[in-house]
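Engineer: Mind looking over this structure? Questions follow.
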Amino acid sequence: TTEEMKAFKSNRSAKLVNGLIDRGVVKRTVMTSVYGVTFIGAKEQIREKITEKLEERGHDIDEIDDEIFQACSYLAKITMDVMGQLFVGARQTMNWLTTSARLISAYEQPVAWISPIGVPCVQPYRQQRSYMVTTFLQKVTLVDNSDDLPVHKSRQVSAFPPNYVHSLDSSHMLLTALEMEKRGLTFSAVHDSFWTHACDVDEMNEALRECFVDLYKQPLLENLKAGWEMRYPDIEFPDIPERGDLDLDEVKSAPYFFQ
């Protein structure tokens, strides 16, 4: 039967990767789950790590490529299922962001919002228009990216959750930079890598945690929805997911929250 065949394939996949699963195999998939990682993306992330481990064990990767594909599909499904069970709140929020972006793009509008530090954000994804210019020597393709082109609906939707989270991350970084300046401390950063002099690391850790708590105590989703309702008055947005019971102040004493 179909179910028996699925069970047989799953059993073969489990045997192939038995003993290979550790934190490194699923780390990227778990970390990118809040950015909207897809099943295909998760499978490729896991496949990269599994391939490395199988090569270390002396396997001929080309010879067992089909088996690796099946095994990584199996692992990706298991990982995605477990994340859906563990990260219920994050999944609900991501679904809300995706649904809202789909409603906006359906009105032929780019998804736009104001970040917590007041920076306007507009997603630039539009249907590109290409032109071929033929000369005596070659053919040159020119791409028109002007703002009067139709929006690329699928990209507007799929890109919004990670872009929104990045806007929160960048807000946290800039708030930390301002707090470090107030304290008279040196600060530099690239995305989520924060730097200062070794003698000031403990104080930077304190500052970045305080800025994080202050940022996320704000009604971020409520503000986002209110801004959209003002900008897109004809759209009826779904209700915001219920808040969980996490005590954000615990972040201040969490040693591994940010390293």
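Here's how to read the names in the structure tokens: chain A, B, ... by the order shown, residue numbers from 1 in each chain, ligand numbers from 1 in the order shown.
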Please provide the set of residues having any atom within 12 Å of Leu168 in chain A, restricted to only C-alpha atoms, with same-chain residues fewer than 6 positions apart removed, written as an MDAnalysis selection string.
Structural biologist: chainID A and resid 113:119 121 161:162 174:175 191:192 211:212 215:216 218 220:221 224
Engineer: Take the residues from that selection and write them out as a tab-separated table (two decimals), in the first residue's frame, keeping N, CA, C and O atoms.
Structural biologist:
chain	number	residue	atom	x	y	z
A	113	TRP	N	5.88	49.48	5.66
A	113	TRP	CA	5.67	49.65	7.10
A	113	TRP	C	6.71	50.62	7.65
A	113	TRP	O	7.67	50.98	6.97
A	114	ILE	N	6.51	51.03	8.89
A	114	ILE	CA	7.46	51.91	9.59
A	114	ILE	C	8.14	51.08	10.67
A	114	ILE	O	7.47	50.45	11.49
A	115	SER	N	9.47	51.06	10.67
A	115	SER	CA	10.20	50.28	11.67
A	115	SER	C	10.04	50.93	13.04
A	115	SER	O	9.64	52.10	13.14
A	116	PRO	N	10.36	50.23	14.12
A	116	PRO	CA	10.19	50.79	15.47
A	116	PRO	C	11.00	52.07	15.72
A	116	PRO	O	10.67	52.82	16.64
A	117	ILE	N	12.04	52.31	14.93
A	117	ILE	CA	12.81	53.54	15.12
A	117	ILE	C	12.41	54.61	14.10
A	117	ILE	O	13.11	55.62	13.95
A	118	GLY	N	11.29	54.39	13.39
A	118	GLY	CA	10.75	55.41	12.51
A	118	GLY	C	11.25	55.41	11.09
A	118	GLY	O	11.05	56.39	10.36
A	119	VAL	N	11.90	54.33	10.66
A	119	VAL	CA	12.42	54.26	9.29
A	119	VAL	C	11.35	53.66	8.36
A	119	VAL	O	10.88	52.55	8.61
A	121	CYS	N	9.87	51.57	5.44
A	121	CYS	CA	10.34	50.41	4.69
A	121	CYS	C	9.32	50.08	3.61
A	121	CYS	O	8.13	49.99	3.89
A	161	PRO	N	7.88	38.32	5.89
A	161	PRO	CA	8.25	37.94	7.26
A	161	PRO	C	9.74	38.12	7.57
A	161	PRO	O	10.08	38.76	8.58
A	162	PRO	N	10.67	37.61	6.71
A	162	PRO	CA	12.08	37.86	7.04
A	162	PRO	C	12.46	39.33	6.98
A	162	PRO	O	13.25	39.80	7.80
A	174	LEU	N	20.62	49.58	16.20
A	174	LEU	CA	20.79	51.03	16.28
A	174	LEU	C	20.47	51.57	17.67
A	174	LEU	O	21.13	52.49	18.16
A	175	LEU	N	19.48	50.98	18.32
A	175	LEU	CA	19.18	51.39	19.69
A	175	LEU	C	20.33	51.07	20.63
A	175	LEU	O	20.65	51.84	21.54
A	191	HIS	N	25.14	43.41	11.33
A	191	HIS	CA	23.93	42.61	11.52
A	191	HIS	C	23.78	42.22	13.00
A	191	HIS	O	23.47	43.07	13.81
A	192	ASP	N	24.02	40.95	13.36
A	192	ASP	CA	23.83	40.54	14.75
A	192	ASP	C	25.15	40.26	15.44
A	192	ASP	O	25.20	39.57	16.45
A	211	CYS	N	18.14	47.16	25.79
A	211	CYS	CA	17.54	47.71	24.56
A	211	CYS	C	16.59	46.71	23.93
A	211	CYS	O	15.53	47.09	23.41
A	212	PHE	N	16.95	45.44	23.98
A	212	PHE	CA	16.08	44.39	23.42
A	212	PHE	C	14.75	44.34	24.18
A	212	PHE	O	13.67	44.31	23.56
A	215	LEU	N	12.61	47.34	23.42
A	215	LEU	CA	12.06	47.28	22.06
A	215	LEU	C	10.86	46.35	21.99
A	215	LEU	O	9.80	46.71	21.47
A	216	TYR	N	11.01	45.14	22.54
A	216	TYR	CA	9.97	44.13	22.37
A	216	TYR	C	8.84	44.23	23.39
A	216	TYR	O	7.86	43.49	23.30
A	218	GLN	N	7.26	46.97	23.38
A	218	GLN	CA	6.36	47.81	22.60
A	218	GLN	C	5.31	46.94	21.90
A	218	GLN	O	5.56	45.77	21.58
A	220	LEU	N	4.43	45.95	19.00
A	220	LEU	CA	4.96	46.01	17.64
A	220	LEU	C	3.92	45.61	16.59
A	220	LEU	O	3.74	46.30	15.58
A	221	LEU	N	3.26	44.48	16.80
A	221	LEU	CA	2.28	44.02	15.82
A	221	LEU	C	1.05	44.92	15.80
A	221	LEU	O	0.47	45.17	14.73
A	224	LEU	N	2.03	47.86	13.82
A	224	LEU	CA	2.12	47.47	12.41
A	224	LEU	C	0.73	47.44	11.78
A	224	LEU	O	0.50	48.00	10.70
Engineer: Would you give me, as an mmCIF file with N, CA and C atoms, in the first residue's frame, the residues in range 62-234 of chain A that DSSP reads as helix (DSSP H, G or I)?
Structural biologist:
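Contents of part35.cif, as written:
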data_model
loop_
_atom_site.group_PDB
_atom_site.id
_atom_site.type_symbol
_atom_site.label_atom_id
_atom_site.label_comp_id
_atom_site.auth_asym_id
_atom_site.auth_seq_id
_atom_site.Cartn_x
_atom_site.Cartn_y
_atom_site.Cartn_z
ATOM 1 N N ASP A 65 23.219 9.301 -4.178
ATOM 2 C CA ASP A 65 22.567 10.615 -4.247
ATOM 3 C C ASP A 65 21.059 10.516 -4.041
ATOM 4 N N ASP A 66 20.428 9.524 -4.650
ATOM 5 C CA ASP A 66 18.980 9.366 -4.500
ATOM 6 C C ASP A 66 18.603 9.072 -3.055
ATOM 7 N N GLU A 67 19.414 8.226 -2.408
ATOM 8 C CA GLU A 67 19.140 7.884 -1.009
ATOM 9 C C GLU A 67 19.303 9.112 -0.107
ATOM 10 N N ILE A 68 20.318 9.939 -0.414
ATOM 11 C CA ILE A 68 20.536 11.165 0.369
ATOM 12 C C ILE A 68 19.337 12.102 0.204
ATOM 13 N N PHE A 69 18.849 12.223 -1.030
ATOM 14 C CA PHE A 69 17.697 13.077 -1.304
ATOM 15 C C PHE A 69 16.493 12.636 -0.474
ATOM 16 N N GLN A 70 16.222 11.331 -0.474
ATOM 17 C CA GLN A 70 15.090 10.804 0.288
ATOM 18 C C GLN A 70 15.286 11.018 1.790
ATOM 19 N N ALA A 71 16.520 10.771 2.259
ATOM 20 C CA ALA A 71 16.795 10.907 3.685
ATOM 21 C C ALA A 71 16.642 12.355 4.154
ATOM 22 N N CYS A 72 17.112 13.287 3.346
ATOM 23 C CA CYS A 72 17.039 14.700 3.736
ATOM 24 C C CYS A 72 15.610 15.234 3.640
ATOM 25 N N SER A 73 14.839 14.688 2.715
ATOM 26 C CA SER A 73 13.413 15.038 2.657
ATOM 27 C C SER A 73 12.718 14.551 3.925
ATOM 28 N N TYR A 74 13.077 13.335 4.341
ATOM 29 C CA TYR A 74 12.533 12.746 5.565
ATOM 30 C C TYR A 74 12.897 13.600 6.784
ATOM 31 N N LEU A 75 14.179 13.990 6.876
ATOM 32 C CA LEU A 75 14.628 14.798 8.006
ATOM 33 C C LEU A 75 13.997 16.184 8.007
ATOM 34 N N ALA A 76 13.874 16.782 6.829
ATOM 35 C CA ALA A 76 13.277 18.115 6.732
ATOM 36 C C ALA A 76 11.825 18.083 7.202
ATOM 37 N N LYS A 77 11.093 17.043 6.813
ATOM 38 C CA LYS A 77 9.700 16.928 7.233
ATOM 39 C C LYS A 77 9.591 16.777 8.745
ATOM 40 N N ILE A 78 10.431 15.903 9.308
ATOM 41 C CA ILE A 78 10.430 15.696 10.759
ATOM 42 C C ILE A 78 10.752 17.001 11.480
ATOM 43 N N THR A 79 11.789 17.702 10.995
ATOM 44 C CA THR A 79 12.225 18.947 11.634
ATOM 45 C C THR A 79 11.147 20.015 11.557
ATOM 46 N N MET A 80 10.531 20.159 10.377
ATOM 47 C CA MET A 80 9.476 21.162 10.212
ATOM 48 C C MET A 80 8.266 20.837 11.093
ATOM 49 N N ASP A 81 7.925 19.551 11.201
ATOM 50 C CA ASP A 81 6.800 19.148 12.046
ATOM 51 C C ASP A 81 7.060 19.481 13.512
ATOM 52 N N VAL A 82 8.273 19.181 13.965
ATOM 53 C CA VAL A 82 8.624 19.432 15.365
ATOM 54 C C VAL A 82 8.636 20.935 15.650
ATOM 55 N N MET A 83 9.183 21.730 14.721
ATOM 56 C CA MET A 83 9.202 23.178 14.922
ATOM 57 C C MET A 83 7.782 23.731 14.994
ATOM 58 N N GLY A 84 6.901 23.162 14.181
ATOM 59 C CA GLY A 84 5.511 23.601 14.225
ATOM 60 C C GLY A 84 4.864 23.332 15.570
ATOM 61 N N GLN A 85 5.306 22.253 16.245
ATOM 62 C CA GLN A 85 4.769 21.912 17.559
ATOM 63 C C GLN A 85 5.382 22.771 18.668
ATOM 64 N N LEU A 86 6.689 23.061 18.542
ATOM 65 C CA LEU A 86 7.405 23.792 19.591
ATOM 66 C C LEU A 86 7.234 25.298 19.482
ATOM 67 N N VAL A 88 4.873 27.406 18.401
ATOM 68 C CA VAL A 88 3.497 27.699 18.007
ATOM 69 C C VAL A 88 3.281 29.201 17.833
ATOM 70 N N GLY A 89 3.743 29.973 18.811
ATOM 71 C CA GLY A 89 3.544 31.421 18.741
ATOM 72 C C GLY A 89 4.264 32.045 17.560
ATOM 73 N N ALA A 90 5.501 31.624 17.334
ATOM 74 C CA ALA A 90 6.275 32.164 16.209
ATOM 75 C C ALA A 90 5.618 31.802 14.886
ATOM 76 N N ARG A 91 5.121 30.572 14.794
ATOM 77 C CA ARG A 91 4.458 30.129 13.566
ATOM 78 C C ARG A 91 3.174 30.911 13.324
ATOM 79 N N GLN A 92 2.417 31.170 14.372
ATOM 80 C CA GLN A 92 1.183 31.941 14.229
ATOM 81 C C GLN A 92 1.479 33.370 13.777
ATOM 82 N N THR A 93 2.521 33.960 14.355
ATOM 83 C CA THR A 93 2.894 35.319 13.967
ATOM 84 C C THR A 93 3.360 35.361 12.519
ATOM 85 N N MET A 94 4.168 34.384 12.117
ATOM 86 C CA MET A 94 4.641 34.345 10.737
ATOM 87 C C MET A 94 3.472 34.177 9.771
ATOM 88 N N ASN A 95 2.523 33.320 10.134
ATOM 89 C CA ASN A 95 1.342 33.131 9.278
ATOM 90 C C ASN A 95 0.530 34.422 9.173
ATOM 91 N N TRP A 96 0.445 35.151 10.290
ATOM 92 C CA TRP A 96 -0.287 36.424 10.267
ATOM 93 C C TRP A 96 0.408 37.433 9.356
ATOM 94 N N LEU A 97 1.724 37.507 9.447
ATOM 95 C CA LEU A 97 2.481 38.418 8.584
ATOM 96 C C LEU A 97 2.305 38.040 7.112
ATOM 97 N N THR A 98 2.359 36.743 6.819
ATOM 98 C CA THR A 98 2.221 36.265 5.440
ATOM 99 C C THR A 98 0.824 36.556 4.896
ATOM 100 N N THR A 99 -0.194 36.290 5.703
ATOM 101 C CA THR A 99 -1.573 36.536 5.275
ATOM 102 C C THR A 99 -1.806 38.018 5.008
ATOM 103 N N SER A 100 -1.289 38.860 5.890
ATOM 104 C CA SER A 100 -1.457 40.302 5.717
ATOM 105 C C SER A 100 -0.750 40.792 4.456
ATOM 106 N N ALA A 101 0.457 40.277 4.224
ATOM 107 C CA ALA A 101 1.198 40.667 3.012
ATOM 108 C C ALA A 101 0.446 40.223 1.759
ATOM 109 N N ARG A 102 -0.187 39.070 1.822
ATOM 110 C CA ARG A 102 -0.946 38.565 0.657
ATOM 111 C C ARG A 102 -2.144 39.478 0.370
ATOM 112 N N LEU A 103 -2.790 39.964 1.418
ATOM 113 C CA LEU A 103 -3.925 40.871 1.244
ATOM 114 C C LEU A 103 -3.477 42.185 0.603
ATOM 115 N N ILE A 104 -2.333 42.688 1.057
ATOM 116 C CA ILE A 104 -1.825 43.960 0.519
ATOM 117 C C ILE A 104 -1.426 43.816 -0.943
ATOM 118 N N SER A 105 -0.693 42.756 -1.255
ATOM 119 C CA SER A 105 -0.234 42.565 -2.637
ATOM 120 C C SER A 105 -1.396 42.293 -3.583
ATOM 121 N N ALA A 106 -2.500 41.728 -3.062
ATOM 122 C CA ALA A 106 -3.675 41.478 -3.897
ATOM 123 C C ALA A 106 -4.284 42.785 -4.392
ATOM 124 N N LYS A 153 3.740 39.680 -6.765
ATOM 125 C CA LYS A 153 2.931 39.292 -5.611
ATOM 126 C C LYS A 153 3.570 38.194 -4.773
ATOM 127 N N SER A 154 4.070 37.152 -5.418
ATOM 128 C CA SER A 154 4.620 36.030 -4.637
ATOM 129 C C SER A 154 5.860 36.450 -3.853
ATOM 130 N N ARG A 155 6.697 37.283 -4.449
ATOM 131 C CA ARG A 155 7.894 37.751 -3.734
ATOM 132 C C ARG A 155 7.525 38.726 -2.622
ATOM 133 N N GLN A 156 6.518 39.564 -2.858
ATOM 134 C CA GLN A 156 6.055 40.463 -1.802
ATOM 135 C C GLN A 156 5.624 39.670 -0.576
ATOM 136 N N VAL A 157 4.950 38.542 -0.820
ATOM 137 C CA VAL A 157 4.431 37.730 0.286
ATOM 138 C C VAL A 157 5.542 36.945 0.974
ATOM 139 N N SER A 158 6.333 36.220 0.195
ATOM 140 C CA SER A 158 7.340 35.335 0.793
ATOM 141 C C SER A 158 8.461 36.108 1.479
ATOM 142 N N ALA A 159 8.760 37.307 0.986
ATOM 143 C CA ALA A 159 9.885 38.063 1.537
ATOM 144 C C ALA A 159 9.515 38.877 2.765
ATOM 145 N N PHE A 160 8.219 39.102 2.986
ATOM 146 C CA PHE A 160 7.855 40.029 4.053
ATOM 147 C C PHE A 160 8.226 39.559 5.459
ATOM 148 N N PRO A 161 7.882 38.323 5.888
ATOM 149 C CA PRO A 161 8.252 37.939 7.256
ATOM 150 C C PRO A 161 9.738 38.125 7.571
ATOM 151 N N PRO A 162 10.671 37.613 6.711
ATOM 152 C CA PRO A 162 12.080 37.856 7.038
ATOM 153 C C PRO A 162 12.459 39.327 6.984
ATOM 154 N N ASN A 163 11.902 40.085 6.042
ATOM 155 C CA ASN A 163 12.240 41.505 5.954
ATOM 156 C C ASN A 163 11.758 42.261 7.186
ATOM 157 N N TYR A 164 10.576 41.905 7.666
ATOM 158 C CA TYR A 164 10.064 42.572 8.866
ATOM 159 C C TYR A 164 10.936 42.249 10.078
ATOM 160 N N VAL A 165 11.313 40.986 10.216
ATOM 161 C CA VAL A 165 12.180 40.599 11.335
ATOM 162 C C VAL A 165 13.536 41.313 11.235
ATOM 163 N N HIS A 166 14.053 41.436 10.016
ATOM 164 C CA HIS A 166 15.326 42.154 9.833
ATOM 165 C C HIS A 166 15.176 43.620 10.241
ATOM 166 N N SER A 167 14.021 44.200 9.982
ATOM 167 C CA SER A 167 13.821 45.599 10.381
ATOM 168 C C SER A 167 13.815 45.728 11.906
ATOM 169 N N LEU A 168 13.335 44.695 12.602
ATOM 170 C CA LEU A 168 13.387 44.692 14.067
ATOM 171 C C LEU A 168 14.825 44.503 14.544
ATOM 172 N N ASP A 169 15.554 43.595 13.897
ATOM 173 C CA ASP A 169 16.959 43.357 14.263
ATOM 174 C C ASP A 169 17.783 44.632 14.093
ATOM 175 N N SER A 170 17.578 45.314 12.977
ATOM 176 C CA SER A 170 18.360 46.531 12.716
ATOM 177 C C SER A 170 17.982 47.633 13.696
ATOM 178 N N SER A 171 16.699 47.678 14.099
ATOM 179 C CA SER A 171 16.277 48.660 15.101
ATOM 180 C C SER A 171 16.981 48.389 16.428
ATOM 181 N N HIS A 172 17.060 47.107 16.790
ATOM 182 C CA HIS A 172 17.745 46.744 18.027
ATOM 183 C C HIS A 172 19.219 47.142 17.966
ATOM 184 N N MET A 173 19.845 46.918 16.817
ATOM 185 C CA MET A 173 21.257 47.270 16.670
ATOM 186 C C MET A 173 21.476 48.770 16.840
ATOM 187 N N LEU A 174 20.624 49.582 16.202
ATOM 188 C CA LEU A 174 20.794 51.031 16.284
ATOM 189 C C LEU A 174 20.471 51.565 17.672
ATOM 190 N N LEU A 175 19.478 50.978 18.324
ATOM 191 C CA LEU A 175 19.176 51.390 19.693
ATOM 192 C C LEU A 175 20.335 51.066 20.630
ATOM 193 N N THR A 176 20.964 49.909 20.398
ATOM 194 C CA THR A 176 22.137 49.542 21.198
ATOM 195 C C THR A 176 23.287 50.502 20.940
ATOM 196 N N ALA A 177 23.482 50.884 19.675
ATOM 197 C CA ALA A 177 24.545 51.833 19.324
ATOM 198 C C ALA A 177 24.338 53.166 20.032
ATOM 199 N N LEU A 178 23.089 53.636 20.064
ATOM 200 C CA LEU A 178 22.795 54.909 20.737
ATOM 201 C C LEU A 178 23.019 54.802 22.239
ATOM 202 N N GLU A 179 22.645 53.659 22.825
ATOM 203 C CA GLU A 179 22.844 53.461 24.258
ATOM 204 C C GLU A 179 24.333 53.393 24.594
ATOM 205 N N MET A 180 25.108 52.737 23.741
ATOM 206 C CA MET A 180 26.560 52.660 23.969
ATOM 207 C C MET A 180 27.191 54.044 23.864
ATOM 208 N N GLU A 181 26.697 54.840 22.939
ATOM 209 C CA GLU A 181 27.225 56.216 22.816
ATOM 210 C C GLU A 181 26.911 57.020 24.072
ATOM 211 N N LYS A 182 25.696 56.854 24.615
ATOM 212 C CA LYS A 182 25.331 57.555 25.843
ATOM 213 C C LYS A 182 26.273 57.195 26.990
ATOM 214 N N ALA A 198 37.393 44.624 24.778
ATOM 215 C CA ALA A 198 37.220 43.472 25.665
ATOM 216 C C ALA A 198 36.836 43.888 27.083
ATOM 217 N N CYS A 199 37.393 45.001 27.553
ATOM 218 C CA CYS A 199 37.113 45.431 28.922
ATOM 219 C C CYS A 199 35.677 45.929 29.099
ATOM 220 N N ASP A 200 34.988 46.192 27.970
ATOM 221 C CA ASP A 200 33.625 46.739 28.044
ATOM 222 C C ASP A 200 32.553 45.743 27.598
ATOM 223 N N VAL A 201 32.940 44.489 27.348
ATOM 224 C CA VAL A 201 31.983 43.507 26.831
ATOM 225 C C VAL A 201 30.827 43.278 27.809
ATOM 226 N N ASP A 202 31.130 43.188 29.094
ATOM 227 C CA ASP A 202 30.069 42.939 30.074
ATOM 228 C C ASP A 202 29.039 44.061 30.070
ATOM 229 N N GLU A 203 29.522 45.296 29.977
ATOM 230 C CA GLU A 203 28.575 46.420 29.956
ATOM 231 C C GLU A 203 27.789 46.453 28.647
ATOM 232 N N MET A 204 28.438 46.084 27.533
ATOM 233 C CA MET A 204 27.711 46.008 26.261
ATOM 234 C C MET A 204 26.621 44.947 26.330
ATOM 235 N N ASN A 205 26.931 43.809 26.955
ATOM 236 C CA ASN A 205 25.935 42.751 27.106
ATOM 237 C C ASN A 205 24.725 43.245 27.902
ATOM 238 N N GLU A 206 24.987 44.035 28.906
ATOM 239 C CA GLU A 206 23.901 44.617 29.698
ATOM 240 C C GLU A 206 23.078 45.593 28.855
ATOM 241 N N ALA A 207 23.766 46.448 28.100
ATOM 242 C CA ALA A 207 23.084 47.464 27.293
ATOM 243 C C ALA A 207 22.225 46.837 26.207
ATOM 244 N N LEU A 208 22.769 45.846 25.499
ATOM 245 C CA LEU A 208 22.007 45.269 24.387
ATOM 246 C C LEU A 208 20.782 44.507 24.891
ATOM 247 N N ARG A 209 20.884 43.918 26.080
ATOM 248 C CA ARG A 209 19.724 43.212 26.644
ATOM 249 C C ARG A 209 18.644 44.204 27.063
ATOM 250 N N GLU A 210 19.058 45.303 27.670
ATOM 251 C CA GLU A 210 18.087 46.321 28.072
ATOM 252 C C GLU A 210 17.385 46.911 26.859
ATOM 253 N N CYS A 211 18.139 47.157 25.790
ATOM 254 C CA CYS A 211 17.543 47.708 24.564
ATOM 255 C C CYS A 211 16.585 46.709 23.929
ATOM 256 N N PHE A 212 16.946 45.436 23.981
ATOM 257 C CA PHE A 212 16.076 44.393 23.424
ATOM 258 C C PHE A 212 14.750 44.344 24.176
ATOM 259 N N VAL A 213 14.816 44.343 25.494
ATOM 260 C CA VAL A 213 13.598 44.272 26.304
ATOM 261 C C VAL A 213 12.731 45.501 26.062
ATOM 262 N N ASP A 214 13.342 46.681 26.044
ATOM 263 C CA ASP A 214 12.580 47.912 25.798
ATOM 264 C C ASP A 214 11.905 47.880 24.428
ATOM 265 N N LEU A 215 12.610 47.344 23.424
ATOM 266 C CA LEU A 215 12.058 47.283 22.064
ATOM 267 C C LEU A 215 10.858 46.352 21.992
ATOM 268 N N TYR A 216 11.010 45.141 22.545
ATOM 269 C CA TYR A 216 9.968 44.134 22.369
ATOM 270 C C TYR A 216 8.836 44.233 23.395
ATOM 271 N N LEU A 220 4.427 45.951 19.002
ATOM 272 C CA LEU A 220 4.956 46.014 17.637
ATOM 273 C C LEU A 220 3.919 45.607 16.587
ATOM 274 N N LEU A 221 3.263 44.475 16.801
ATOM 275 C CA LEU A 221 2.285 44.018 15.815
ATOM 276 C C LEU A 221 1.055 44.925 15.801
ATOM 277 N N GLU A 222 0.676 45.420 16.974
ATOM 278 C CA GLU A 222 -0.454 46.343 17.034
ATOM 279 C C GLU A 222 -0.144 47.619 16.247
ATOM 280 N N ASN A 223 1.078 48.116 16.404
ATOM 281 C CA ASN A 223 1.480 49.316 15.661
ATOM 282 C C ASN A 223 1.543 49.044 14.166
ATOM 283 N N LEU A 224 2.030 47.857 13.818
ATOM 284 C CA LEU A 224 2.118 47.475 12.407
ATOM 285 C C LEU A 224 0.726 47.439 11.782
ATOM 286 N N LYS A 225 -0.206 46.803 12.473
ATOM 287 C CA LYS A 225 -1.570 46.695 11.941
ATOM 288 C C LYS A 225 -2.237 48.062 11.848
ATOM 289 N N ALA A 226 -2.040 48.905 12.852
ATOM 290 C CA ALA A 226 -2.642 50.247 12.842
ATOM 291 C C ALA A 226 -2.111 51.068 11.669
ATOM 292 N N GLY A 227 -0.814 50.940 11.410
ATOM 293 C CA GLY A 227 -0.229 51.654 10.274
ATOM 294 C C GLY A 227 -0.796 51.178 8.951
ATOM 295 N N TRP A 228 -0.975 49.863 8.828
ATOM 296 C CA TRP A 228 -1.552 49.305 7.600
ATOM 297 C C TRP A 228 -2.998 49.751 7.418
ATOM 298 N N GLU A 229 -3.758 49.740 8.500
ATOM 299 C CA GLU A 229 -5.167 50.127 8.394
ATOM 300 C C GLU A 229 -5.310 51.581 7.957
ATOM 301 N N MET A 230 -4.349 52.393 8.330
ATOM 302 C CA MET A 230 -4.359 53.778 7.883
ATOM 303 C C MET A 230 -3.922 53.890 6.426
ATOM 304 N N ARG A 231 -2.921 53.082 6.045
ATOM 305 C CA ARG A 231 -2.367 53.156 4.691
ATOM 306 C C ARG A 231 -3.261 52.439 3.671
#
Engineer: From the set A:Tyr131, A:Phe136, A:Phe187, A:Tyr107, which residue has the shortest atom-to-atom contact distance to Val151 in chain A, counting only C-alpha atoms?
Structural biologist: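 Going through A:Tyr131, A:Phe136, A:Phe187, A:Tyr107 one by one, the smallest distance to Val151 in chain A is for A:Tyr107.
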Engineer: Can you tell me how far CA of Gly24 in chain A sits from CA of Gly41 in chain A, in Å to one decimal?
Structural biologist: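 It comes out at 15.7 Å.
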Engineer: Of the candidates A:Gly36, A:Met132, A:Pro124, A:Lys15, which one gets nearest to Asn145 in chain A if we count only C-alpha atoms?
Structural biologist: A:Pro124
Engineer: Would you return as a list in words the members of range 84-171 of chain A that DSSP assigns to strand (DSSP E or B) on this structure's backbone?
Structural biologist: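 Checking each residue of range 84-171 of chain A, the strand (DSSP E or B) ones are Ala112, Trp113, Ile114, Pro120, Cys121, Val122, Arg126, Arg129, Ser130, Tyr131, Met132, Val133, Thr134, Lys139, Val140, Thr141, Leu142, Val143, Asp144 and Val151 of chain A.
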Engineer: Residues as selected, N, CA and C atoms, written as a tab-separated table (two decimals), in the first residue's frame, can you do that?
Structural biologist:
chain	number	residue	atom	x	y	z
A	112	ALA	N	4.48	47.82	2.81
A	112	ALA	CA	5.26	48.92	3.40
A	112	ALA	C	4.92	49.02	4.88
A	113	TRP	N	5.88	49.48	5.66
A	113	TRP	CA	5.67	49.65	7.10
A	113	TRP	C	6.71	50.62	7.65
A	114	ILE	N	6.51	51.03	8.89
A	114	ILE	CA	7.46	51.91	9.59
A	114	ILE	C	8.14	51.08	10.67
A	120	PRO	N	10.95	54.38	7.30
A	120	PRO	CA	9.97	53.82	6.36
A	120	PRO	C	10.60	52.67	5.56
A	121	CYS	N	9.87	51.57	5.44
A	121	CYS	CA	10.34	50.41	4.69
A	121	CYS	C	9.32	50.08	3.61
A	122	VAL	N	9.79	49.90	2.38
A	122	VAL	CA	8.91	49.53	1.26
A	122	VAL	C	9.60	48.42	0.49
A	126	ARG	N	8.99	43.98	-7.90
A	126	ARG	CA	8.03	44.23	-8.96
A	126	ARG	C	8.32	43.32	-10.15
A	129	ARG	N	10.69	44.24	-16.36
A	129	ARG	CA	10.46	44.28	-17.80
A	129	ARG	C	11.82	44.33	-18.49
A	130	SER	N	12.05	43.38	-19.37
A	130	SER	CA	13.36	43.29	-20.03
A	130	SER	C	13.28	43.78	-21.47
A	131	TYR	N	14.37	44.39	-21.92
A	131	TYR	CA	14.50	44.86	-23.29
A	131	TYR	C	15.79	44.32	-23.88
A	132	MET	N	15.73	43.86	-25.07
A	132	MET	CA	16.92	43.36	-25.77
A	132	MET	C	17.39	44.42	-26.76
A	133	VAL	N	18.63	44.85	-26.60
A	133	VAL	CA	19.22	45.82	-27.51
A	133	VAL	C	20.27	45.10	-28.35
A	134	THR	N	20.07	45.08	-29.63
A	134	THR	CA	20.98	44.38	-30.55
A	134	THR	C	21.90	45.37	-31.24
A	139	LYS	N	24.43	41.40	-28.13
A	139	LYS	CA	23.09	41.69	-27.66
A	139	LYS	C	23.15	42.01	-26.16
A	140	VAL	N	22.50	43.09	-25.80
A	140	VAL	CA	22.52	43.54	-24.40
A	140	VAL	C	21.09	43.55	-23.87
A	141	THR	N	20.91	42.94	-22.70
A	141	THR	CA	19.59	42.92	-22.06
A	141	THR	C	19.52	44.00	-20.99
A	142	LEU	N	18.55	44.88	-21.09
A	142	LEU	CA	18.32	45.92	-20.10
A	142	LEU	C	17.07	45.58	-19.30
A	143	VAL	N	17.14	45.80	-18.01
A	143	VAL	CA	16.01	45.47	-17.13
A	143	VAL	C	15.43	46.75	-16.55
A	144	ASP	N	14.12	46.89	-16.68
A	144	ASP	CA	13.41	48.05	-16.14
A	144	ASP	C	12.87	47.69	-14.76
A	151	VAL	N	3.40	44.92	-9.05
A	151	VAL	CA	4.15	44.29	-7.96
A	151	VAL	C	4.29	42.79	-8.24
Engineer: Which one of A:Tyr232, A:Ile240, A:Ala14, A:Glu56 sits closest to Glu108 in chain A if you count only C-alpha atoms?
Structural biologist: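 Answer, going by the shortest atom-to-atom distance: A:Tyr232.
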